[in-house]
Structures are given as C-alpha cells and as structure tokens.
Amino acid sequence: LHGTPKSRSLTGRRVLITSGPTREDLDPVRTLTNRSTGAMGIELARAFRDAGAQVQLVLGGDLPAPWGVETTRVRSAQEMLAACEARWGAVDGLVGAAAVADQRPEAYAAEKVKKGDGPETMVLVRTPDILATLSGTKRPGQWILGFAAESEDHLAHAAAKLQKKGLDAVLVNDIQGGRAFGAQANTLTPVTAQGPQAPIGPLPKDDLARAVVQWWGHRLEARES
Ligand code: CTP
Ligand code: CA
C-alpha cells in the first residue's frame, strides 16, 4: 500500500471535485464531447479522500465512481454547473479537473434529426464557466484549484486563467509534442499568485494526484499558520 499521510489542513474538510468530459447533446442520439476520460479527476478524488477529506465528485463520462466518494453524474456543462452550485456553499474547496466543453449546440432537438432535415452547419453557443462562476461567490477561506493543458506559452496562459477565473492555483500541463493525452507519466506546474512553482512529476496519474494533494495540503497549512 502507498501510505498517504493524512493532511492536517485537509482532514475533515469538504472538497468538491469536477471531472471528466461534458457531453453537449444535439438530439437523443448525437452528442458533442472531448477525449477526456476523467481518470485524473478520479485519482484526485481518491487522493483527497485518502488525505482525510470528505470528497464530493461531479463526474462526466463513463468511468466508474471511486469508492468512498459521493458521486453525482452529469452530462452537460450546464448540469455540471448546477450540481456544483448546489454544493458550493457547503464545501471548503473546489478542484476543477473536468474537461468542460467550451461550446454547445444552440438548439436541442427532442426527436432524432433526419438526414434530409439536418442543417449543414451547426450553430454553437458558449457554455458557462464553472470555476469563474463559483469564484464569484467565494467565501473567505474557500479555495479553488484549476487545471489547464496548454500547447504553447503554458505558464503565461496559466497565469492569465488564474487571474481571470479568480483561482488559488492553476496546475498546468505542457502538452507540447503530444504529451498528456494517454501518456504514461505527466508533469504539472502549479502557478499561483506568487508565480510558477516547482513542477510536480513526471509521475503516473495516481502518484501525480497524491503529489498534488500533498503540495496543496502543505500550502494550506502554510496559509493557515
Ligand atoms: N473550466 C470550467 N468551466 C468551463 C471551462 C473550463 O470550470 N466552461 C475549468 C476547467 O475545469 C479547468 C480550467 O477551467 O480547471 C481551465 O480550463 P481550460 O479549458 O484550460 O480554460 P478555458 O477558460 O476554457 O480556456 P481555453 O479552453 O480557451 O484555453
Ligand atoms: Ca476550454
């Protein structure tokens, strides 16, 4: 067993985690989604649980829910936001590991669209930003971690997201050269208001999740002392 030491700053704390892809439906049989599986968010849920936190997971995609974690399944970005909003007031922190679709089809057809009736172009509209929305109603002491995968200028993009969404840290994955998707080992660089921090990894997803939780636990302890 990999022993995960309980974290002083996380034991008994309530942590809300988003994970997985969202699915933006066009009609009862067609959907717009992305290649995320939700594996990293599930590993984070396990790692926070093992560090002593009470974890609630809002999960898109098809992976099974982890043991010991209250899981709510959602499809769309709008459903994910609603599930998070319902829980946000009662938690200490939020971890946004979901790959939320940035756009959804403008219209949903209740009946399957026939080939001859379907338009040749699809009109998309923006989905709500879950982290930005919730950070707007952040209580003192509440914290939010975001994730980002960037193919260029990863530290600058992460710093911009930190500011724009009102986050406490963005953990950024440099996916230059096709790393991250399906890779064996990943590296995450935390970017905080103090700038880029020491990279975490390269590690496989389960060890990486434990290392992230340990890093964040230490930061919370420093913040609280
Ligand atoms: N995120 C979110 N709601 C969205 C989009 C993203 O909560 N509608 C969260 C993700 O879960 C992640 C962080 O915001 O923790 C960064 O996601 P990312 O896709 O990198 O940011 P975007 O603002 O969508 O920017 P872009 O895709 O243009 O890089
Ligand atoms: Ca995005």
# chains A, B, ... in the order shown; residues from 1 in each chain; ligands from 1
>>> residues_around(residues="Ile17 in chain A", least_positions_apart="6", cutoff="7 Å", atoms="only C-alpha atoms", output="MDAnalysis selection string")
chainID A and resid 45 56:58 94:97
>>> residues_near_ligand(ligand="ligand 1", cutoff="7 Å", atoms="only C-alpha atoms and all ligand atoms", output="PDB file with N, CA and C atoms, in the first residue's frame")
ATOM      1  N   THR A  18     -14.656  18.425  -9.816  1.00  0.00           N
ATOM      2  CA  THR A  18     -15.283  18.142 -11.109  1.00  0.00           C
ATOM      3  C   THR A  18     -14.314  17.304 -11.927  1.00  0.00           C
ATOM      4  N   ALA A  77     -22.303  20.776 -19.542  1.00  0.00           N
ATOM      5  CA  ALA A  77     -21.664  21.821 -18.730  1.00  0.00           C
ATOM      6  C   ALA A  77     -22.703  22.493 -17.826  1.00  0.00           C
ATOM      7  N   GLY A  96     -11.181  21.842 -10.004  1.00  0.00           N
ATOM      8  CA  GLY A  96     -11.806  21.765 -11.330  1.00  0.00           C
ATOM      9  C   GLY A  96     -10.955  20.941 -12.272  1.00  0.00           C
ATOM     10  N   ALA A  97     -11.163  19.629 -12.266  1.00  0.00           N
ATOM     11  CA  ALA A  97     -10.381  18.761 -13.149  1.00  0.00           C
ATOM     12  C   ALA A  97     -11.164  18.378 -14.403  1.00  0.00           C
ATOM     13  N   ALA A  98     -12.400  18.851 -14.518  1.00  0.00           N
ATOM     14  CA  ALA A  98     -13.232  18.459 -15.665  1.00  0.00           C
ATOM     15  C   ALA A  98     -12.748  19.117 -16.947  1.00  0.00           C
ATOM     16  N   ALA A  99     -12.939  18.406 -18.056  1.00  0.00           N
ATOM     17  CA  ALA A  99     -12.714  18.972 -19.392  1.00  0.00           C
ATOM     18  C   ALA A  99     -14.086  19.439 -19.884  1.00  0.00           C
ATOM     19  N   VAL A 100     -14.435  20.649 -19.486  1.00  0.00           N
ATOM     20  CA  VAL A 100     -15.760  21.186 -19.785  1.00  0.00           C
ATOM     21  C   VAL A 100     -15.781  21.650 -21.249  1.00  0.00           C
ATOM     22  N   ALA A 101     -16.800  21.251 -21.994  1.00  0.00           N
ATOM     23  CA  ALA A 101     -16.930  21.732 -23.377  1.00  0.00           C
ATOM     24  C   ALA A 101     -17.084  23.243 -23.345  1.00  0.00           C
ATOM     25  N   ASP A 102     -16.373  23.932 -24.219  1.00  0.00           N
ATOM     26  CA  ASP A 102     -16.462  25.396 -24.251  1.00  0.00           C
ATOM     27  C   ASP A 102     -17.708  25.865 -25.000  1.00  0.00           C
ATOM     28  N   THR A 127     -20.712  27.744 -23.357  1.00  0.00           N
ATOM     29  CA  THR A 127     -21.216  27.151 -22.112  1.00  0.00           C
ATOM     30  C   THR A 127     -20.773  28.042 -20.948  1.00  0.00           C
ATOM     31  N   PRO A 128     -21.393  27.924 -19.781  1.00  0.00           N
ATOM     32  CA  PRO A 128     -20.941  28.717 -18.639  1.00  0.00           C
ATOM     33  C   PRO A 128     -19.571  28.236 -18.159  1.00  0.00           C
ATOM     34  N   ASP A 129     -18.775  29.148 -17.611  1.00  0.00           N
ATOM     35  CA  ASP A 129     -17.504  28.751 -16.999  1.00  0.00           C
ATOM     36  C   ASP A 129     -17.772  28.437 -15.524  1.00  0.00           C
ATOM     37  N   ILE A 130     -17.570  27.180 -15.166  1.00  0.00           N
ATOM     38  CA  ILE A 130     -17.937  26.717 -13.828  1.00  0.00           C
ATOM     39  C   ILE A 130     -17.057  27.364 -12.759  1.00  0.00           C
ATOM     40  N   LEU A 131     -15.735  27.326 -12.959  1.00  0.00           N
ATOM     41  CA  LEU A 131     -14.833  27.884 -11.943  1.00  0.00           C
ATOM     42  C   LEU A 131     -15.020  29.390 -11.800  1.00  0.00           C
ATOM     43  N   ALA A 132     -15.127  30.082 -12.922  1.00  0.00           N
ATOM     44  CA  ALA A 132     -15.288  31.541 -12.858  1.00  0.00           C
ATOM     45  C   ALA A 132     -16.599  31.903 -12.167  1.00  0.00           C
ATOM     46  N   LEU A 145      -8.858  25.250  -7.094  1.00  0.00           N
ATOM     47  CA  LEU A 145      -7.738  24.839  -7.946  1.00  0.00           C
ATOM     48  C   LEU A 145      -8.265  24.553  -9.344  1.00  0.00           C
ATOM     49  N   GLY A 146      -7.572  25.097 -10.342  1.00  0.00           N
ATOM     50  CA  GLY A 146      -7.928  24.805 -11.725  1.00  0.00           C
ATOM     51  C   GLY A 146      -6.829  24.002 -12.396  1.00  0.00           C
ATOM     52  N   PHE A 147      -7.169  23.401 -13.526  1.00  0.00           N
ATOM     53  CA  PHE A 147      -6.189  22.652 -14.321  1.00  0.00           C
ATOM     54  C   PHE A 147      -6.196  23.208 -15.735  1.00  0.00           C
ATOM     55  N   ALA A 148      -5.072  23.109 -16.405  1.00  0.00           N
ATOM     56  CA  ALA A 148      -5.028  23.552 -17.793  1.00  0.00           C
ATOM     57  C   ALA A 148      -4.007  22.712 -18.548  1.00  0.00           C
ATOM     58  N   ALA A 149      -4.332  22.427 -19.786  1.00  0.00           N
ATOM     59  CA  ALA A 149      -3.376  21.780 -20.689  1.00  0.00           C
ATOM     60  C   ALA A 149      -3.128  22.789 -21.793  1.00  0.00           C
ATOM     61  N   LYS A 161      -5.336  32.557 -16.709  1.00  0.00           N
ATOM     62  CA  LYS A 161      -6.530  31.842 -16.211  1.00  0.00           C
ATOM     63  C   LYS A 161      -6.677  32.002 -14.698  1.00  0.00           C
TER      64      LYS A 161
END
>>> select_by_dssp(residues="range 154-189 of chain A", states="strand (DSSP E)", output="ChimeraX atom specification")
/A:169-174,186-189
>>> closest_residue(among="A:Ala109, A:Leu63, A:Ala185, A:Ala82", to="Leu26 in chain A", atoms="only C-alpha atoms")
A:Ala109
>>> select_by_dssp(residues="range 2-82 of chain A", states="helix (DSSP H, G or I)", output="list in words")
Ala39, Met40, Gly41, Ile42, Glu43, Leu44, Ala45, Arg46, Ala47, Phe48, Arg49, Asp50, Ala77, Gln78, Glu79, Met80, Leu81 and Ala82 of chain A
>>> closest_residue(among="A:Asn34, A:Ala86, A:Ser7, A:Ser19", to="ligand 2", atoms="only C-alpha atoms and all ligand atoms")
A:Asn34
>>> closest_residue(among="A:Arg30, A:Lys6, A:Arg87, A:Arg126", to="ligand 2", atoms="only C-alpha atoms and all ligand atoms")
A:Arg126
>>> residues_around(residues="Gly12 in chain A", least_positions_apart="5", cutoff="8 Å", atoms="only C-alpha atoms", output="PyMOL selection string")
chain A and resi 52-54
>>> residues_around(residues="Ile175 in chain A", least_positions_apart="5", cutoff="10 Å", atoms="only C-alpha atoms", output="JSON, numbers by chain")
{"A": [148, 149, 150, 151, 152, 154, 180, 181, 186, 187]}
>>> residues_around(residues="range 202-218 of chain A", least_positions_apart="2", cutoff="6 Å", atoms="only C-alpha atoms", output="short mmCIF file (atom, residue, chain, number, x, y, z; two decimals) with N, CA and C atoms, in the first residue's frame")
data_model
loop_
_atom_site.label_atom_id
_atom_site.label_comp_id
_atom_site.auth_asym_id
_atom_site.auth_seq_id
_atom_site.Cartn_x
_atom_site.Cartn_y
_atom_site.Cartn_z
N SER A 9 -4.31 19.96 7.19
CA SER A 9 -5.16 21.01 6.64
C SER A 9 -6.32 20.47 5.80
N GLU A 43 -8.53 10.09 -9.82
CA GLU A 43 -7.34 9.90 -8.98
C GLU A 43 -7.22 11.01 -7.93
N LEU A 44 -7.56 12.22 -8.32
CA LEU A 44 -7.54 13.33 -7.35
C LEU A 44 -8.58 13.09 -6.25
N ALA A 47 -7.17 10.62 -3.92
CA ALA A 47 -6.04 11.17 -3.15
C ALA A 47 -6.54 12.13 -2.06
N GLN A 184 1.91 7.97 -20.25
CA GLN A 184 2.16 7.19 -19.04
C GLN A 184 2.41 8.08 -17.83
N ALA A 185 3.19 9.13 -18.05
CA ALA A 185 3.56 10.00 -16.93
C ALA A 185 3.38 11.45 -17.34
N ASN A 186 2.89 12.24 -16.40
CA ASN A 186 2.65 13.65 -16.66
C ASN A 186 3.37 14.52 -15.65
N THR A 187 3.59 15.77 -16.05
CA THR A 187 4.15 16.77 -15.15
C THR A 187 3.18 17.94 -15.07
N LEU A 220 -1.87 24.93 2.14
CA LEU A 220 -2.97 25.33 3.03
C LEU A 220 -2.47 25.48 4.46
N GLU A 221 -1.61 24.55 4.87
CA GLU A 221 -1.04 24.63 6.24
C GLU A 221 -0.27 25.93 6.42
#
>>> atom_distance(atom1="CA of Asp62 in chain A", atom2="CA of Ala83 in chain A")
17.4 Å
>>> closest_residue(among="A:Pro140, A:Pro21, A:Pro196, A:Gly201", to="ligand 2", atoms="only C-alpha atoms and all ligand atoms")
A:Pro21
>>> atom_distance(atom1="CA of Tyr108 in chain A", atom2="CA of Asp25 in chain A")
6.7 Å
>>> closest_residue(among="A:Thr72, A:Gln194, A:Asn173, A:Thr22", to="Gln103 in chain A", atoms="only C-alpha atoms")
A:Thr22
>>> decode(residues="range 93-136 of chain A", atoms="C-alpha atoms", output="PDB file, in the first residue's frame")
ATOM      1  CA  GLY A  93     -12.648  23.974  -1.659  1.00  0.00           C
ATOM      2  CA  LEU A  94     -13.176  23.112  -5.294  1.00  0.00           C
ATOM      3  CA  VAL A  95     -10.909  21.227  -7.674  1.00  0.00           C
ATOM      4  CA  GLY A  96     -11.806  21.765 -11.330  1.00  0.00           C
ATOM      5  CA  ALA A  97     -10.381  18.761 -13.149  1.00  0.00           C
ATOM      6  CA  ALA A  98     -13.232  18.459 -15.665  1.00  0.00           C
ATOM      7  CA  ALA A  99     -12.714  18.972 -19.392  1.00  0.00           C
ATOM      8  CA  VAL A 100     -15.760  21.186 -19.785  1.00  0.00           C
ATOM      9  CA  ALA A 101     -16.930  21.732 -23.377  1.00  0.00           C
ATOM     10  CA  ASP A 102     -16.462  25.396 -24.251  1.00  0.00           C
ATOM     11  CA  GLN A 103     -19.409  25.348 -26.653  1.00  0.00           C
ATOM     12  CA  ARG A 104     -22.688  23.511 -27.017  1.00  0.00           C
ATOM     13  CA  PRO A 105     -25.135  23.271 -29.922  1.00  0.00           C
ATOM     14  CA  GLU A 106     -27.513  26.229 -29.770  1.00  0.00           C
ATOM     15  CA  ALA A 107     -30.588  24.046 -30.133  1.00  0.00           C
ATOM     16  CA  TYR A 108     -31.548  20.591 -28.860  1.00  0.00           C
ATOM     17  CA  ALA A 109     -33.955  18.560 -30.979  1.00  0.00           C
ATOM     18  CA  ALA A 110     -36.223  16.347 -28.858  1.00  0.00           C
ATOM     19  CA  GLU A 111     -36.615  13.897 -31.765  1.00  0.00           C
ATOM     20  CA  LYS A 112     -33.770  12.377 -33.775  1.00  0.00           C
ATOM     21  CA  VAL A 113     -32.953  14.693 -36.660  1.00  0.00           C
ATOM     22  CA  LYS A 114     -33.338  13.012 -40.065  1.00  0.00           C
ATOM     23  CA  LYS A 115     -30.515  13.262 -42.589  1.00  0.00           C
ATOM     24  CA  GLY A 116     -32.604  15.301 -45.005  1.00  0.00           C
ATOM     25  CA  ASP A 117     -33.756  17.737 -42.305  1.00  0.00           C
ATOM     26  CA  GLY A 118     -30.419  18.395 -40.633  1.00  0.00           C
ATOM     27  CA  PRO A 119     -28.704  21.712 -41.322  1.00  0.00           C
ATOM     28  CA  GLU A 120     -25.280  21.549 -42.987  1.00  0.00           C
ATOM     29  CA  THR A 121     -23.735  23.823 -40.404  1.00  0.00           C
ATOM     30  CA  MET A 122     -24.083  23.741 -36.659  1.00  0.00           C
ATOM     31  CA  VAL A 123     -24.573  26.856 -34.551  1.00  0.00           C
ATOM     32  CA  LEU A 124     -22.680  26.731 -31.265  1.00  0.00           C
ATOM     33  CA  VAL A 125     -23.046  28.888 -28.182  1.00  0.00           C
ATOM     34  CA  ARG A 126     -20.711  29.301 -25.170  1.00  0.00           C
ATOM     35  CA  THR A 127     -21.216  27.151 -22.112  1.00  0.00           C
ATOM     36  CA  PRO A 128     -20.941  28.717 -18.639  1.00  0.00           C
ATOM     37  CA  ASP A 129     -17.504  28.751 -16.999  1.00  0.00           C
ATOM     38  CA  ILE A 130     -17.937  26.717 -13.828  1.00  0.00           C
ATOM     39  CA  LEU A 131     -14.833  27.884 -11.943  1.00  0.00           C
ATOM     40  CA  ALA A 132     -15.288  31.541 -12.858  1.00  0.00           C
ATOM     41  CA  THR A 133     -18.961  31.430 -11.847  1.00  0.00           C
ATOM     42  CA  LEU A 134     -18.274  29.852  -8.450  1.00  0.00           C
ATOM     43  CA  SER A 135     -15.256  32.018  -7.670  1.00  0.00           C
ATOM     44  CA  GLY A 136     -17.600  34.996  -7.953  1.00  0.00           C
TER      45      GLY A 136
END
